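> Take this structure first; my questions come after.
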Amino acid sequence: MTATTSSSAATATPSPLTDATRDEASLRRFLHGLPGVDQVGVEQRAAGLGTRSIKKAAKLWAIDTAISMVDLTTLEGADTQGKVRALAAKAKRPDPERPDTPRVAAVCVYPDMVETAVEALQGTGIHVASVATGFPAGRTSREIKLADTKIAVDAGAAEIDMVIDRGAFLEGRYLAVFEEIQAIKAACGSAHLKVILETGELATYDNVRRASWLALLAGGDFIKTSTGKVSPAATLPVTHVMLQAVRDWFVQTGELRGVKPAGGIRTTKDAIKYLVAVHEVAGEQWLTPDLFRFGASSLLNDLLLQRRTQADGHYSGPDYVTVD
Amino acid sequence: MGIFEYAPAPESRDLANLKPHYRPFVNGEFVDGSGEPLKTINPATEEVLAEVGTASVSDVDTAVKAARKAYTGVWSKMPGSERAKYLFRIARLIQERSRELAVLESLDNGKPIKESRDSDVPTAAAHFFYHAGWADKLDYAGYGPNPKPLGVAGQVIPWNFPLLMLAWKIAPALATGNTVVLKPAETTPLTALVFAEICRQAELPPGVVNILPGAGDIGAALVGHGDVNKVAFTGSTEVGKAIQRQIAGTSKKLTLELGGKAANIVFDDAALDQAVEGIVNGIFFNQGHVCCAGSRLLVQESIAEELLEKLRHRVSTLRLGDPLDKNTDIGAINSAEQLAKIKGLVESGDAEGAERWTSPCPVPERGFFFAPTVFSEVQQSMRIAREEIFGPVLSVLTFRTPDEAVTKANNTPYGLSAGIWTEKGSRILWMANQLRAGVVWANTFNRFDPAAPFGGYQESGFGREGGRTGLEAYLDV
């Protein structure tokens, strides 16, 4: 299976990288040969970049860009068709009174809700993303994960957010994680694959870097920090490490892959700090919804409120944006 | 810088309370010095900031006499716990007036406001707090019971960290019971004179601190004055040597903190992205106007190309420009003279065959600016590998083995600081023992703390400032 399904990613990568995934030992050597991440240094850099001054025109630009990068998400056990339809409506017209507000990038739902979301978003260009592969724990068999993915794709999901097997990763069975990502990528067909590393469970920045490369080697189109169900979810330093990984990947292969921090990003101020990181760590090429997304549910309303504040000159309060 | 333009965020220059005239501070009063007044300029715009009265040789004598009188009459007799109160008061006043001092420092020196605000001024206050703590504990500093002060300290400081160097000099001198005559650098006298106001606010007894703006001749007169017991100098190696010659044979105690050409050594197993940050911080902090700047990057050959690629990408994101803008990473070169010196050395790098890369960042038309520059293919024999450039210019050399790294790092007349980047703890310890440098940073760079002694080897000077060791320079032990 791996020989054929990996072809799309593997043929594009230069041979040192394909050699890296030849067998368990090579993969381990490669991942452990990546430069380490110094915790003090990366946290210091993340804090330093957070102080860039973004105001007025720069802030408006950042807010609109951030809105266009949102994967509007509902991942509750209590999700209903009604909830998903409401979210789809919000995605189409984030601020009903301001038609110039950009649309979000995608709506992200569980596989069983894909059909509803696709229907509600027909013809809008807004993607439907779905968390497949036994989200959020991923503790189920390969067959079920593949079936989960297939169901979502068949129902029209354009993007699949998969969780990696953290247990296998922490056991050092990197090849198993790699093959599973490849298999899911194959099952995605033309849908884009976002690989959720669940960085809160990986614990160290070194592990975040290794998992990022593992996902990139296996053909993930995006690397994503978290399910949002584990604390800590997305953090700025973790995102710095992942942005560095996609940049390094680009330098080595010429391919552009994306990053998606998810979970815990609630304010415009935070979102802007992430955009500054995208800009200065990866590069301005990444400042597009094609290569950077926010996984968030409550962030959008704060962005809308701040957008209004910029335009009106005063803050209007949470009653002026819709709750969905 | 492309599609994401950050908003300009200039700090208000009004905060500096800039006055048209400043005067020397002697015996607790601002006085008219009899020297020729000098004009201090803003290096970012070349405009005149203020006219500053300077001292003449006779004023030096007056100031030293005032310091002597304060020393014998008041300060040396005062219990340490009382001296501590003054130092704590000064420290708190520096904090209270921190914005004013930060803006004034950036105007006069050209350094970015984020550095004067987040580094210079808080660290200056920290030095007074730290030494205030020592003032009543000198019996326990390890120099025997009741160590005695030396008397009058003549202190000469440079233009790269005007207020911070003042704090490094004055705080330990006062804590140990000495009185002070200090000459700030010709191009950056303003924060020292605001510090004089702070001394008055703190009701420091007259004569304990005296500040004499002026050029090198005033420094020489101060250093050579017969009634000065202790000389402390931070500045160029050339001037340091002249001072050493000048006072040779006298009983004056001397500490010198001079130039440097620090090696920042990156091994192939280092955390590369953070090493890049450390390299940037090591050489581009304060426009490279740092005596302990990591101006010689030694990279293991096996990763040199990869590291350079990362470094160039990172350096091209540095924002050069208005020092008062909070987004500015690199400010102005302090003077036209310094800019010319940097350009001269960079040209020698070109002529001797090093490969020059300059950040594509926009450079303001007015003011003294120099875009961040990285020289690769540098060899030990080149001037840019041996001489201190004192600007935002990095020379990159390579090595093959740890032994070679040590040999190359130590192959310099200087020895102020060094950096080691490796994930291997045993190598850090081994290297730190081999390197001839006063400070060795591991997986970080340019970190300062009042409790950590700082000073050099060889042509980087002698004596230590800061920490318990730093007290020794101001005590009769």
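Identifiers in this document derive from the order of the structure tokens: chains are assigned A, B, ..., residues are numbered from 1 separately in each chain, and ligands are numbered from 1 in order of occurrence.
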Quick check: residues of chain A within 8 Å of chain B, only C-alpha atoms, returned as a ChimeraX atom specification.
/A:35-38,41-42,45,51-58,61-62,279-281,284
> Per DSSP on the backbone, filter range 45-258 of chain A down to the residues in alpha helix (DSSP H) and report them as a VMD selection string.
chain A and resid 45 to 49 56 to 68 81 to 92 114 to 121 142 to 154 166 to 171 174 to 188 199 to 202 205 to 217 236 to 253
> Would you mind listing what lies within 10 Å of Pro261 in chain A as JSON, numbers by chain, with only C-alpha atoms counted and same-chain residues fewer than 2 positions away left out?
{"A": [196, 223, 224, 225, 226, 227, 228, 233, 234, 235, 236, 238, 239, 242, 259, 263, 264, 265, 271, 274, 292, 293, 294, 295, 296]}
> I'd like the neighbourhood of Glu387 in chain B as a list in words, where a residue qualifies if any of its atoms comes within 10 Å (using only C-alpha atoms), though same-chain residues fewer than 2 positions away should be ignored.
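These residues fall inside the cut-off: Gly259, Gly260, Lys261, Ser295, Leu345, Met382, Arg383, Ile384, Ala385, Ile389, Phe390, Thr412, Pro413 and Tyr414 of chain B.
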> With C-alpha atoms retained, export the selected residues as a short mmCIF file (atom, residue, chain, number, x, y, z; two decimals), in the first residue's frame.

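To be explicit, this is the file written out as part13.cif:
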data_model
loop_
_atom_site.label_atom_id
_atom_site.label_comp_id
_atom_site.auth_asym_id
_atom_site.auth_seq_id
_atom_site.Cartn_x
_atom_site.Cartn_y
_atom_site.Cartn_z
CA GLY B 259 37.25 46.23 23.28
CA GLY B 260 36.36 42.73 22.19
CA LYS B 261 36.05 40.44 19.21
CA SER B 295 31.14 39.66 16.17
CA LEU B 345 36.45 48.10 7.88
CA MET B 382 41.52 39.27 7.50
CA ARG B 383 41.10 42.57 9.32
CA ILE B 384 37.37 41.96 9.77
CA ALA B 385 38.25 38.82 11.73
CA ILE B 389 34.23 46.79 14.06
CA PHE B 390 31.73 48.07 16.65
CA THR B 412 42.64 37.10 19.28
CA PRO B 413 44.29 39.76 21.40
CA TYR B 414 40.92 40.29 23.06
#
> Find the residues around Pro122 in chain B up to 12 Å (only C-alpha atoms counted), leave out those fewer than 2 positions away in its own chain, and share them as a count of residues only.
30
> Please report, as a list in words, each residue of range 21-193 of chain A to which DSSP assigns strand (DSSP E) when run on this structure's backbone.
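Filtering range 21-193 of chain A to strand (DSSP E) leaves Val70, Asp71, Leu72, Thr73, Ala106, Val107, Cys108, Val109, His127, Val128, Ala129, Ser130, Val131, Glu159, Ile160, Asp161, Met162, Val163, His192 and Leu193 of chain A.
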> Residues at most 8 Å from Ile181 in chain A, counting only C-alpha atoms, excluding those fewer than 6 positions away in the same chain, as a VMD selection string?
chain A and resid 164 195 215 218 to 220
> For CA of Lys194 in chain A and CA of Ser141 in chain A, determine how far apart the two atoms are, in Å to one decimal place.
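Going from CA of Lys194 in chain A over to CA of Ser141 in chain A covers 19.4 Å.
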> Might you pull out every residue within 8 Å of Ala196 in chain B, with only C-alpha atoms counted and same-chain residues fewer than 2 positions away left off, and present them as a PDB file with N, CA, C and O atoms, in the first residue's frame?

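Dumped everything to part.pdb:
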ATOM      1  N   PHE B  25      27.843  69.027  36.556  1.00  0.00           N
ATOM      2  CA  PHE B  25      27.289  68.872  37.901  1.00  0.00           C
ATOM      3  C   PHE B  25      28.448  68.706  38.877  1.00  0.00           C
ATOM      4  O   PHE B  25      29.168  67.703  38.841  1.00  0.00           O
ATOM      5  N   ALA B 192      23.416  61.222  31.640  1.00  0.00           N
ATOM      6  CA  ALA B 192      24.245  61.372  32.837  1.00  0.00           C
ATOM      7  C   ALA B 192      23.848  62.639  33.592  1.00  0.00           C
ATOM      8  O   ALA B 192      23.850  62.671  34.823  1.00  0.00           O
ATOM      9  N   LEU B 193      23.469  63.685  32.841  1.00  0.00           N
ATOM     10  CA  LEU B 193      23.100  64.938  33.496  1.00  0.00           C
ATOM     11  C   LEU B 193      21.688  64.871  34.074  1.00  0.00           C
ATOM     12  O   LEU B 193      21.386  65.530  35.069  1.00  0.00           O
ATOM     13  N   VAL B 194      20.833  64.042  33.478  1.00  0.00           N
ATOM     14  CA  VAL B 194      19.533  63.794  34.115  1.00  0.00           C
ATOM     15  C   VAL B 194      19.757  62.939  35.365  1.00  0.00           C
ATOM     16  O   VAL B 194      19.088  63.131  36.387  1.00  0.00           O
ATOM     17  N   ILE B 198      18.662  63.363  39.326  1.00  0.00           N
ATOM     18  CA  ILE B 198      18.153  62.293  40.199  1.00  0.00           C
ATOM     19  C   ILE B 198      18.929  62.287  41.517  1.00  0.00           C
ATOM     20  O   ILE B 198      18.342  62.110  42.592  1.00  0.00           O
ATOM     21  N   CYS B 199      20.241  62.518  41.444  1.00  0.00           N
ATOM     22  CA  CYS B 199      21.046  62.587  42.670  1.00  0.00           C
ATOM     23  C   CYS B 199      20.536  63.705  43.567  1.00  0.00           C
ATOM     24  O   CYS B 199      20.481  63.567  44.786  1.00  0.00           O
ATOM     25  N   ARG B 200      20.162  64.816  42.938  1.00  0.00           N
ATOM     26  CA  ARG B 200      19.619  65.931  43.739  1.00  0.00           C
ATOM     27  C   ARG B 200      18.268  65.556  44.336  1.00  0.00           C
ATOM     28  O   ARG B 200      18.001  65.835  45.501  1.00  0.00           O
ATOM     29  N   VAL B 209      28.593  62.649  44.063  1.00  0.00           N
ATOM     30  CA  VAL B 209      28.636  62.362  42.629  1.00  0.00           C
ATOM     31  C   VAL B 209      28.843  63.681  41.888  1.00  0.00           C
ATOM     32  O   VAL B 209      28.135  64.657  42.138  1.00  0.00           O
ATOM     33  N   ASN B 210      29.844  63.713  41.028  1.00  0.00           N
ATOM     34  CA  ASN B 210      30.104  64.887  40.185  1.00  0.00           C
ATOM     35  C   ASN B 210      30.182  64.409  38.740  1.00  0.00           C
ATOM     36  O   ASN B 210      30.776  63.360  38.472  1.00  0.00           O
ATOM     37  N   ILE B 211      29.584  65.162  37.838  1.00  0.00           N
ATOM     38  CA  ILE B 211      29.576  64.731  36.440  1.00  0.00           C
ATOM     39  C   ILE B 211      30.107  65.843  35.550  1.00  0.00           C
ATOM     40  O   ILE B 211      29.584  66.967  35.557  1.00  0.00           O
TER      41      ILE B 211
END
